[in-house]
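Structure file run_35.txt (compact mmCIF, N, CA and C atoms) is printed below.
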# COMPACT_ATOMS: atom_id res chain seq x y z
N MET A 1 77.39 118.87 97.99
CA MET A 1 78.41 118.23 98.79
C MET A 1 79.43 119.28 99.22
N VAL A 2 79.76 119.29 100.49
CA VAL A 2 80.72 120.24 101.04
C VAL A 2 82.12 119.63 100.99
N PHE A 3 83.05 120.38 100.41
CA PHE A 3 84.43 119.92 100.32
C PHE A 3 85.16 120.28 101.61
N MET A 4 85.83 119.31 102.21
CA MET A 4 86.64 119.54 103.40
C MET A 4 88.06 119.15 103.09
N ALA A 5 88.96 120.10 103.19
CA ALA A 5 90.37 119.82 102.91
C ALA A 5 90.94 118.91 103.99
N ILE A 6 91.88 118.09 103.57
CA ILE A 6 92.56 117.20 104.51
C ILE A 6 93.38 118.03 105.49
N LYS A 7 93.19 117.76 106.77
CA LYS A 7 93.96 118.44 107.81
C LYS A 7 94.94 117.49 108.51
N VAL A 8 94.63 116.18 108.46
CA VAL A 8 95.48 115.18 109.11
C VAL A 8 95.68 114.00 108.15
N VAL A 9 96.93 113.58 108.01
CA VAL A 9 97.25 112.37 107.26
C VAL A 9 97.78 111.36 108.26
N ALA A 10 97.12 110.20 108.32
CA ALA A 10 97.53 109.12 109.22
C ALA A 10 98.24 108.04 108.42
N LEU A 11 99.52 107.85 108.70
CA LEU A 11 100.32 106.85 108.00
C LEU A 11 100.49 105.60 108.84
N ASP A 12 100.08 104.47 108.28
CA ASP A 12 100.45 103.19 108.88
C ASP A 12 101.98 103.11 108.78
N ILE A 13 102.61 102.41 109.70
CA ILE A 13 104.08 102.41 109.73
C ILE A 13 104.66 101.17 109.05
N HIS A 14 104.46 100.01 109.63
CA HIS A 14 105.07 98.78 109.12
C HIS A 14 104.34 98.28 107.87
N GLY A 15 105.08 98.16 106.79
CA GLY A 15 104.49 97.72 105.53
C GLY A 15 104.04 98.88 104.66
N THR A 16 104.00 100.08 105.23
CA THR A 16 103.60 101.26 104.46
C THR A 16 104.79 102.19 104.25
N ILE A 17 105.45 102.60 105.34
CA ILE A 17 106.64 103.45 105.18
C ILE A 17 107.93 102.72 105.56
N LEU A 18 107.83 101.75 106.45
CA LEU A 18 108.98 100.90 106.79
C LEU A 18 108.71 99.49 106.27
N ALA A 19 109.77 98.81 105.83
CA ALA A 19 109.60 97.43 105.36
C ALA A 19 109.10 96.56 106.51
N SER A 20 108.05 95.82 106.24
CA SER A 20 107.41 95.03 107.31
C SER A 20 108.31 93.95 107.88
N ASP A 21 109.27 93.48 107.10
CA ASP A 21 110.14 92.40 107.55
C ASP A 21 111.57 92.87 107.79
N ASP A 22 111.75 94.15 108.07
CA ASP A 22 113.06 94.71 108.40
C ASP A 22 113.23 94.67 109.92
N TYR A 23 113.56 93.52 110.44
CA TYR A 23 113.62 93.33 111.88
C TYR A 23 114.82 94.01 112.54
N ASP A 24 115.80 94.40 111.71
CA ASP A 24 116.98 95.08 112.24
C ASP A 24 116.91 96.60 112.07
N ASN A 25 115.84 97.08 111.46
CA ASN A 25 115.64 98.53 111.23
C ASN A 25 116.80 99.15 110.48
N VAL A 26 117.18 98.53 109.35
CA VAL A 26 118.28 99.05 108.55
C VAL A 26 117.87 99.39 107.11
N VAL A 27 116.66 99.05 106.73
CA VAL A 27 116.19 99.32 105.37
C VAL A 27 115.69 100.76 105.28
N ILE A 28 116.08 101.45 104.23
CA ILE A 28 115.70 102.85 104.02
C ILE A 28 114.16 102.96 103.95
N PRO A 29 113.59 104.05 104.46
CA PRO A 29 112.13 104.23 104.34
C PRO A 29 111.72 104.29 102.87
N ARG A 30 110.46 104.14 102.65
CA ARG A 30 109.93 104.13 101.30
C ARG A 30 110.25 105.42 100.54
N ARG A 31 110.47 105.28 99.25
CA ARG A 31 110.83 106.41 98.40
C ARG A 31 109.75 107.51 98.42
N GLY A 32 110.23 108.75 98.31
CA GLY A 32 109.33 109.89 98.19
C GLY A 32 108.73 110.37 99.50
N LEU A 33 109.09 109.74 100.60
CA LEU A 33 108.45 110.07 101.88
C LEU A 33 108.79 111.48 102.35
N GLU A 34 110.06 111.89 102.23
CA GLU A 34 110.43 113.23 102.68
C GLU A 34 109.67 114.29 101.87
N ARG A 35 109.57 114.13 100.56
CA ARG A 35 108.83 115.08 99.74
C ARG A 35 107.34 115.05 100.09
N PHE A 36 106.83 113.87 100.43
CA PHE A 36 105.43 113.77 100.84
C PHE A 36 105.18 114.57 102.12
N PHE A 37 106.08 114.45 103.10
CA PHE A 37 105.97 115.26 104.32
C PHE A 37 105.93 116.75 103.97
N ASN A 38 106.80 117.17 103.06
CA ASN A 38 106.85 118.57 102.66
C ASN A 38 105.55 119.00 101.97
N ARG A 39 105.01 118.15 101.12
CA ARG A 39 103.74 118.48 100.44
C ARG A 39 102.60 118.59 101.45
N CYS A 40 102.59 117.73 102.45
CA CYS A 40 101.57 117.83 103.50
C CYS A 40 101.72 119.15 104.24
N SER A 41 102.94 119.50 104.60
CA SER A 41 103.19 120.75 105.31
C SER A 41 102.76 121.95 104.47
N ASP A 42 103.03 121.91 103.18
CA ASP A 42 102.62 123.00 102.28
C ASP A 42 101.11 123.20 102.27
N ARG A 43 100.37 122.13 102.53
CA ARG A 43 98.90 122.18 102.57
C ARG A 43 98.37 122.41 103.99
N ASP A 44 99.27 122.66 104.93
CA ASP A 44 98.88 122.82 106.34
C ASP A 44 98.21 121.58 106.91
N ALA A 45 98.62 120.41 106.43
CA ALA A 45 98.13 119.14 106.96
C ALA A 45 99.22 118.53 107.82
N ILE A 46 98.85 118.05 108.99
CA ILE A 46 99.81 117.37 109.85
C ILE A 46 99.84 115.89 109.52
N VAL A 47 100.97 115.25 109.80
CA VAL A 47 101.14 113.82 109.56
C VAL A 47 101.30 113.13 110.90
N VAL A 48 100.51 112.09 111.12
CA VAL A 48 100.63 111.30 112.34
C VAL A 48 100.90 109.85 111.97
N GLY A 49 101.59 109.16 112.86
CA GLY A 49 101.78 107.74 112.71
C GLY A 49 100.57 107.02 113.29
N ALA A 50 100.14 105.95 112.63
CA ALA A 50 98.97 105.19 113.09
C ALA A 50 99.29 103.71 112.96
N SER A 51 99.77 103.13 114.04
CA SER A 51 100.23 101.74 113.99
C SER A 51 99.55 100.90 115.05
N ASP A 52 99.47 99.61 114.79
CA ASP A 52 98.97 98.70 115.82
C ASP A 52 100.13 98.15 116.66
N SER A 53 101.33 98.67 116.43
CA SER A 53 102.51 98.23 117.18
C SER A 53 102.98 99.32 118.13
N ILE A 54 103.18 98.96 119.38
CA ILE A 54 103.70 99.93 120.34
C ILE A 54 105.17 100.26 120.07
N ASN A 55 105.82 99.46 119.20
CA ASN A 55 107.22 99.68 118.87
C ASN A 55 107.42 100.59 117.67
N ALA A 56 106.36 101.06 117.05
CA ALA A 56 106.48 101.82 115.80
C ALA A 56 107.38 103.03 115.94
N ILE A 57 107.20 103.83 116.97
CA ILE A 57 108.03 105.02 117.12
C ILE A 57 109.50 104.66 117.33
N ASN A 58 109.75 103.58 118.05
CA ASN A 58 111.14 103.14 118.24
C ASN A 58 111.75 102.66 116.92
N ASP A 59 110.95 101.99 116.10
CA ASP A 59 111.44 101.53 114.80
C ASP A 59 111.73 102.71 113.88
N ILE A 60 110.85 103.70 113.87
CA ILE A 60 111.07 104.92 113.08
C ILE A 60 112.36 105.59 113.54
N ASP A 61 112.52 105.73 114.84
CA ASP A 61 113.70 106.38 115.39
C ASP A 61 114.97 105.61 115.01
N ALA A 62 114.93 104.29 115.09
CA ALA A 62 116.10 103.47 114.76
C ALA A 62 116.49 103.62 113.29
N VAL A 63 115.51 103.60 112.40
CA VAL A 63 115.79 103.76 110.97
C VAL A 63 116.32 105.17 110.70
N ALA A 64 115.73 106.18 111.34
CA ALA A 64 116.18 107.57 111.16
C ALA A 64 117.63 107.72 111.61
N ARG A 65 117.98 107.12 112.73
CA ARG A 65 119.35 107.21 113.23
C ARG A 65 120.32 106.43 112.34
N TYR A 66 119.93 105.24 111.93
CA TYR A 66 120.79 104.39 111.11
C TYR A 66 121.17 105.08 109.80
N HIS A 67 120.20 105.76 109.19
CA HIS A 67 120.41 106.41 107.89
C HIS A 67 120.64 107.92 108.00
N ASN A 68 120.72 108.45 109.23
CA ASN A 68 120.89 109.89 109.46
C ASN A 68 119.81 110.69 108.72
N LEU A 69 118.56 110.39 109.04
CA LEU A 69 117.40 111.03 108.42
C LEU A 69 116.57 111.75 109.48
N PRO A 70 117.03 112.90 109.98
CA PRO A 70 116.26 113.59 111.02
C PRO A 70 114.84 113.95 110.59
N TRP A 71 114.63 114.18 109.30
CA TRP A 71 113.29 114.53 108.81
C TRP A 71 112.28 113.41 109.06
N LEU A 72 112.77 112.17 109.19
CA LEU A 72 111.86 111.04 109.38
C LEU A 72 111.12 111.15 110.71
N ILE A 73 111.78 111.63 111.74
CA ILE A 73 111.11 111.85 113.03
C ILE A 73 110.39 113.20 113.02
N GLU A 74 111.06 114.21 112.49
CA GLU A 74 110.50 115.58 112.49
C GLU A 74 109.24 115.71 111.65
N GLY A 75 109.06 114.81 110.68
CA GLY A 75 107.89 114.88 109.81
C GLY A 75 106.58 114.51 110.49
N PHE A 76 106.67 113.84 111.63
CA PHE A 76 105.46 113.39 112.33
C PHE A 76 105.07 114.39 113.42
N TRP A 77 103.80 114.70 113.46
CA TRP A 77 103.22 115.56 114.51
C TRP A 77 103.05 114.76 115.79
N ASP A 78 102.61 113.48 115.63
CA ASP A 78 102.31 112.63 116.77
C ASP A 78 102.27 111.18 116.29
N PHE A 79 102.22 110.26 117.24
CA PHE A 79 102.10 108.84 116.95
C PHE A 79 100.94 108.27 117.75
N TYR A 80 100.16 107.42 117.11
CA TYR A 80 99.02 106.76 117.76
C TYR A 80 99.18 105.25 117.63
N THR A 81 98.98 104.56 118.74
CA THR A 81 98.91 103.10 118.72
C THR A 81 97.42 102.75 118.73
N LEU A 82 96.98 102.14 117.65
CA LEU A 82 95.57 101.84 117.47
C LEU A 82 95.36 100.33 117.48
N ASP A 83 94.70 99.86 118.51
CA ASP A 83 94.40 98.44 118.63
C ASP A 83 93.15 98.10 117.83
N GLY A 84 92.97 96.84 117.61
CA GLY A 84 91.74 96.36 117.00
C GLY A 84 91.87 96.13 115.51
N SER A 85 90.94 95.40 115.01
CA SER A 85 90.84 95.15 113.58
C SER A 85 89.37 95.26 113.20
N PRO A 86 88.99 96.33 112.55
CA PRO A 86 89.83 97.38 112.00
C PRO A 86 90.34 98.36 113.06
N LYS A 87 91.35 99.15 112.67
CA LYS A 87 91.88 100.17 113.57
C LYS A 87 90.81 101.23 113.84
N ASP A 88 90.82 101.76 115.05
CA ASP A 88 89.85 102.79 115.43
C ASP A 88 90.49 104.17 115.25
N PHE A 89 90.28 104.74 114.08
CA PHE A 89 90.87 106.05 113.77
C PHE A 89 90.13 107.21 114.43
N SER A 90 89.03 106.93 115.10
CA SER A 90 88.31 108.02 115.79
C SER A 90 89.17 108.63 116.90
N HIS A 91 90.14 107.88 117.43
CA HIS A 91 91.06 108.45 118.44
C HIS A 91 91.82 109.63 117.84
N ILE A 92 92.20 109.50 116.58
CA ILE A 92 92.93 110.58 115.92
C ILE A 92 92.02 111.78 115.68
N THR A 93 90.83 111.53 115.17
CA THR A 93 89.93 112.66 114.88
C THR A 93 89.54 113.39 116.16
N LEU A 94 89.34 112.66 117.24
CA LEU A 94 88.99 113.30 118.52
C LEU A 94 90.17 114.11 119.08
N ASN A 95 91.35 113.52 119.10
CA ASN A 95 92.53 114.21 119.67
C ASN A 95 92.97 115.40 118.82
N GLU A 96 92.86 115.27 117.51
CA GLU A 96 93.30 116.35 116.63
C GLU A 96 92.16 117.33 116.30
N LYS A 97 90.96 117.02 116.82
CA LYS A 97 89.79 117.88 116.65
C LYS A 97 89.48 118.16 115.18
N VAL A 98 89.35 117.07 114.41
CA VAL A 98 88.99 117.18 113.01
C VAL A 98 87.80 116.28 112.71
N ASN A 99 87.08 116.65 111.68
CA ASN A 99 85.99 115.84 111.15
C ASN A 99 86.61 114.63 110.43
N PRO A 100 86.00 113.46 110.47
CA PRO A 100 86.56 112.31 109.78
C PRO A 100 86.85 112.56 108.29
N ARG A 101 86.09 113.43 107.63
CA ARG A 101 86.33 113.74 106.21
C ARG A 101 87.58 114.59 106.02
N GLU A 102 88.16 115.07 107.12
CA GLU A 102 89.40 115.84 107.07
C GLU A 102 90.62 114.96 107.38
N LEU A 103 90.39 113.65 107.46
CA LEU A 103 91.44 112.68 107.75
C LEU A 103 91.68 111.82 106.52
N LEU A 104 92.94 111.68 106.14
CA LEU A 104 93.35 110.78 105.07
C LEU A 104 94.21 109.69 105.70
N VAL A 105 93.79 108.45 105.55
CA VAL A 105 94.53 107.30 106.07
C VAL A 105 95.26 106.64 104.90
N ILE A 106 96.54 106.36 105.10
CA ILE A 106 97.33 105.67 104.07
C ILE A 106 97.89 104.41 104.70
N GLY A 107 97.60 103.27 104.08
CA GLY A 107 98.06 102.01 104.65
C GLY A 107 98.17 100.91 103.61
N ASP A 108 98.77 99.82 104.05
CA ASP A 108 98.95 98.67 103.16
C ASP A 108 97.80 97.67 103.29
N ASN A 109 96.81 98.01 104.11
CA ASN A 109 95.56 97.26 104.22
C ASN A 109 95.74 95.84 104.74
N LYS A 110 96.79 95.60 105.49
CA LYS A 110 97.01 94.27 106.03
C LYS A 110 95.82 93.87 106.89
N ASP A 111 95.22 92.74 106.56
CA ASP A 111 94.06 92.22 107.29
C ASP A 111 92.90 93.22 107.33
N ASN A 112 92.85 94.12 106.37
CA ASN A 112 91.79 95.12 106.27
C ASN A 112 91.75 96.08 107.45
N LYS A 113 92.79 96.12 108.25
CA LYS A 113 92.81 97.00 109.42
C LYS A 113 92.74 98.47 109.04
N ASP A 114 93.52 98.87 108.04
CA ASP A 114 93.60 100.28 107.67
C ASP A 114 92.33 100.73 106.94
N ARG A 115 92.01 100.06 105.84
CA ARG A 115 90.83 100.44 105.05
C ARG A 115 89.55 100.33 105.87
N GLY A 116 89.38 99.23 106.57
CA GLY A 116 88.16 99.04 107.35
C GLY A 116 87.97 100.11 108.41
N GLY A 117 89.07 100.50 109.06
CA GLY A 117 89.00 101.54 110.09
C GLY A 117 88.67 102.89 109.51
N ALA A 118 89.27 103.21 108.37
CA ALA A 118 88.99 104.50 107.72
C ALA A 118 87.54 104.56 107.26
N GLU A 119 87.09 103.50 106.61
CA GLU A 119 85.71 103.48 106.11
C GLU A 119 84.69 103.53 107.24
N ALA A 120 85.02 102.92 108.37
CA ALA A 120 84.08 102.88 109.49
C ALA A 120 83.73 104.26 110.03
N ILE A 121 84.68 105.21 109.91
CA ILE A 121 84.40 106.56 110.42
C ILE A 121 84.16 107.57 109.31
N GLY A 122 84.26 107.14 108.05
CA GLY A 122 84.03 108.05 106.93
C GLY A 122 85.24 108.86 106.52
N ALA A 123 86.44 108.36 106.84
CA ALA A 123 87.68 109.03 106.45
C ALA A 123 88.09 108.59 105.04
N HIS A 124 88.93 109.36 104.40
CA HIS A 124 89.50 108.99 103.11
C HIS A 124 90.55 107.89 103.33
N PHE A 125 90.76 107.08 102.30
CA PHE A 125 91.75 106.01 102.41
C PHE A 125 92.49 105.82 101.10
N ILE A 126 93.80 105.64 101.20
CA ILE A 126 94.63 105.28 100.05
C ILE A 126 95.35 103.98 100.39
N LEU A 127 95.18 103.00 99.53
CA LEU A 127 95.85 101.71 99.67
C LEU A 127 97.18 101.77 98.91
N VAL A 128 98.26 101.42 99.60
CA VAL A 128 99.56 101.32 98.94
C VAL A 128 100.01 99.87 98.97
N PRO A 129 100.84 99.47 98.01
CA PRO A 129 101.33 98.08 98.04
C PRO A 129 102.18 97.84 99.28
N PRO A 130 102.12 96.65 99.84
CA PRO A 130 102.94 96.35 101.01
C PRO A 130 104.43 96.55 100.72
N TYR A 131 105.13 97.16 101.67
CA TYR A 131 106.56 97.39 101.55
C TYR A 131 107.28 96.32 102.35
N SER A 132 108.16 95.58 101.66
CA SER A 132 108.84 94.45 102.28
C SER A 132 110.23 94.30 101.68
N VAL A 133 111.13 93.76 102.47
CA VAL A 133 112.48 93.48 101.99
C VAL A 133 112.43 92.48 100.85
N THR A 134 111.52 91.54 100.91
CA THR A 134 111.48 90.43 99.97
C THR A 134 110.67 90.71 98.71
N LEU A 135 109.97 91.85 98.64
CA LEU A 135 109.15 92.17 97.48
C LEU A 135 109.75 93.34 96.70
N GLU A 136 109.66 93.29 95.38
CA GLU A 136 110.09 94.43 94.57
C GLU A 136 109.15 95.60 94.87
N ASP A 137 109.71 96.78 95.07
CA ASP A 137 108.90 97.94 95.43
C ASP A 137 108.96 98.98 94.32
N ASN A 138 107.86 99.13 93.61
CA ASN A 138 107.77 100.12 92.54
C ASN A 138 106.96 101.34 92.97
N PHE A 139 106.60 101.40 94.23
CA PHE A 139 105.79 102.51 94.72
C PHE A 139 106.67 103.60 95.31
N SER A 140 106.22 104.84 95.14
CA SER A 140 106.85 105.99 95.77
C SER A 140 105.73 106.89 96.29
N PHE A 141 105.97 107.55 97.40
CA PHE A 141 104.99 108.50 97.92
C PHE A 141 104.80 109.69 96.97
N ASP A 142 105.69 109.84 95.99
CA ASP A 142 105.50 110.86 94.97
C ASP A 142 104.26 110.58 94.13
N GLN A 143 103.80 109.35 94.10
CA GLN A 143 102.63 108.97 93.31
C GLN A 143 101.32 109.43 93.94
N ILE A 144 101.33 109.84 95.19
CA ILE A 144 100.09 110.24 95.86
C ILE A 144 99.78 111.69 95.51
N ASP A 145 98.61 111.89 94.94
CA ASP A 145 98.15 113.22 94.54
C ASP A 145 97.24 113.77 95.63
N LEU A 146 97.79 114.64 96.47
CA LEU A 146 97.01 115.19 97.57
C LEU A 146 95.93 116.16 97.12
N SER A 147 96.02 116.64 95.90
CA SER A 147 95.01 117.61 95.42
C SER A 147 93.64 116.97 95.27
N LYS A 148 93.57 115.64 95.29
CA LYS A 148 92.29 114.94 95.20
C LYS A 148 91.53 114.94 96.53
N TYR A 149 92.21 115.38 97.60
CA TYR A 149 91.61 115.26 98.92
C TYR A 149 91.55 116.60 99.61

Kindly present the structure from the file in structure tokens form.
Amino acid sequence: MVFMAIKVVALDIHGTILASDDYDNVVIPRRGLERFFNRCSDRDAIVVGASDSINAINDIDAVARYHNLPWLIEGFWDFYTLDGSPKDFSHITLNEKVNPRELLVIGDNKDNKDRGGAEAIGAHFILVPPYSVTLEDNFSFDQIDLSKY
């Protein structure tokens, strides 16, 4: 088996890094995210947003401005709006010119969109608990061990 290091990390936005029910864009992003961006950069992996919402980049920008978090925008290489269920992550692999095994998708698996899309092209997938204003959140991006990928 040939090992391929992760070159691209695709983050679902709503429910993964932003609270899914934060309609005013005032809730702080999920814990450990800034350090996660730094760990990806240390591995020469780029981070892209992968959302089924055309408003994702605007929501990220609003939260970054509200909390004065410039790293929240700067941490992303690009943003992709992926329609369908499951999401079609091949758009990312084609545009970023990577093999699907060099893509790590991280999502809350709502309606199996994230996991199903990653599995369909042979990409790696990490399921995180849904992030919501109304749910207790014990997850941090510090818990993700990138050395496994």

Select from chain A everything DSSP, run on the backbone, classes as alpha helix (DSSP H), then give the selection as a ChimeraX atom specification.
/A:33-42,56-67,70-74,90-96,113-121

Env of A:Ala5: 6 Å cut, atoms = only N, CA and C atoms, seq-sep filter 4 positions within chain, self excluded. Answer as a PyMOL selection string.
chain A and resi 101-102+149

Let me make sure I understand: among A:Ala120, A:Leu94, A:Leu33, A:Ile54, which one has the smallest atom-to-atom distance to A:Ser140 if we use all atoms listed in the file?
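Closest to A:Ser140 of all the choices is A:Leu33.
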
Identify which of the residues A:Ile144, A:Leu69, A:Ile60, A:Val105 lies closest to A:Val9, counting only C-alpha atoms when measuring atom-to-atom distances.
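Using only C-alpha atoms, A:Val9 sits closest to A:Val105.
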
Tell me which protein, DNA and RNA residues are within 12 Å of A:Glu136, counting only C-alpha atoms, leaving out same-chain ones fewer than 6 positions away, and put them as a PyMOL selection string.
chain A and resi 19+30+129-130

Which residue, A:Cys40, A:Trp71, A:His124, A:Phe89, has the smallest gap to A:Leu103 when you use all atoms listed in the file?
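Of A:Cys40, A:Trp71, A:His124, A:Phe89, the one nearest A:Leu103 is A:His124, counting all atoms listed in the file.
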
Determine which residues of stretch 2-120 of chain A DSSP labels as strand (DSSP E or B) from the backbone of this structure, then write them out as a list of chain:residue names.
A:Val8, A:Val9, A:Ala10, A:Leu11, A:His14, A:Leu18, A:Ile46, A:Val47, A:Val48, A:Gly49, A:Ala50, A:Ser51, A:Asp78, A:Phe79, A:Tyr80, A:Thr81, A:Leu103, A:Leu104, A:Val105, A:Ile106, A:Gly107

Which one of A:Asn25, A:Thr93, A:Ser147, A:Asn99 sits closest to A:Asn58 if you count only C-alpha atoms?
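Looking only at the distances to A:Asn58, the closest residue turns out to be A:Asn25.
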
Can you tell me how far atom CA of A:Asn68 sits from atom CA of A:Ile28, in Å to one decimal?
10.3 Å

Among the residues A:Ile92, A:Leu135, A:Leu146, A:Ile57, the one that comes closest to A:Ser20 [using only C-alpha atoms]:
A:Leu135

Measure the distance from atom N of A:Ile46 to atom N of A:Lys97 in Å and round it to one decimal.
11.2 Å

Give the centre and edge lengths of an axis-aligned box, in Å to one decimal, that holds all listed atoms of stretch 82-90 of chain A with 5 Å on each side, as JSON.
{"center_x": 92.6, "center_y": 101.9, "center_z": 115.3, "size_x": 18.7, "size_y": 23.5, "size_z": 16.6}

Quick one, how far is atom CA of A:Gly107 from atom CA of A:Asp83?
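Here the two named atoms are 14.9 Å from each other.
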
Within 12 Å of (108.5, 106.7, 110.1), only C-alpha atoms: residues as a VMD selection string?
chain A and resid 10 to 19 25 27 to 31 33 to 34 37 47 to 51 55 to 65 69 to 79

With all atoms listed in the file as the atoms that count, which of A:Gln143, A:Ser85, A:Ser132, A:Asn138 lies nearest to A:Asp114?
A:Ser85

Write out as a list in words which residues come within 7 Å of A:Gly116 when counting all atoms listed in the file, dropping same-chain ones fewer than 6 positions away.
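Once the nearby chain positions are removed, what remains is Ser85, Pro86, Lys87 and Asn109 of chain A.
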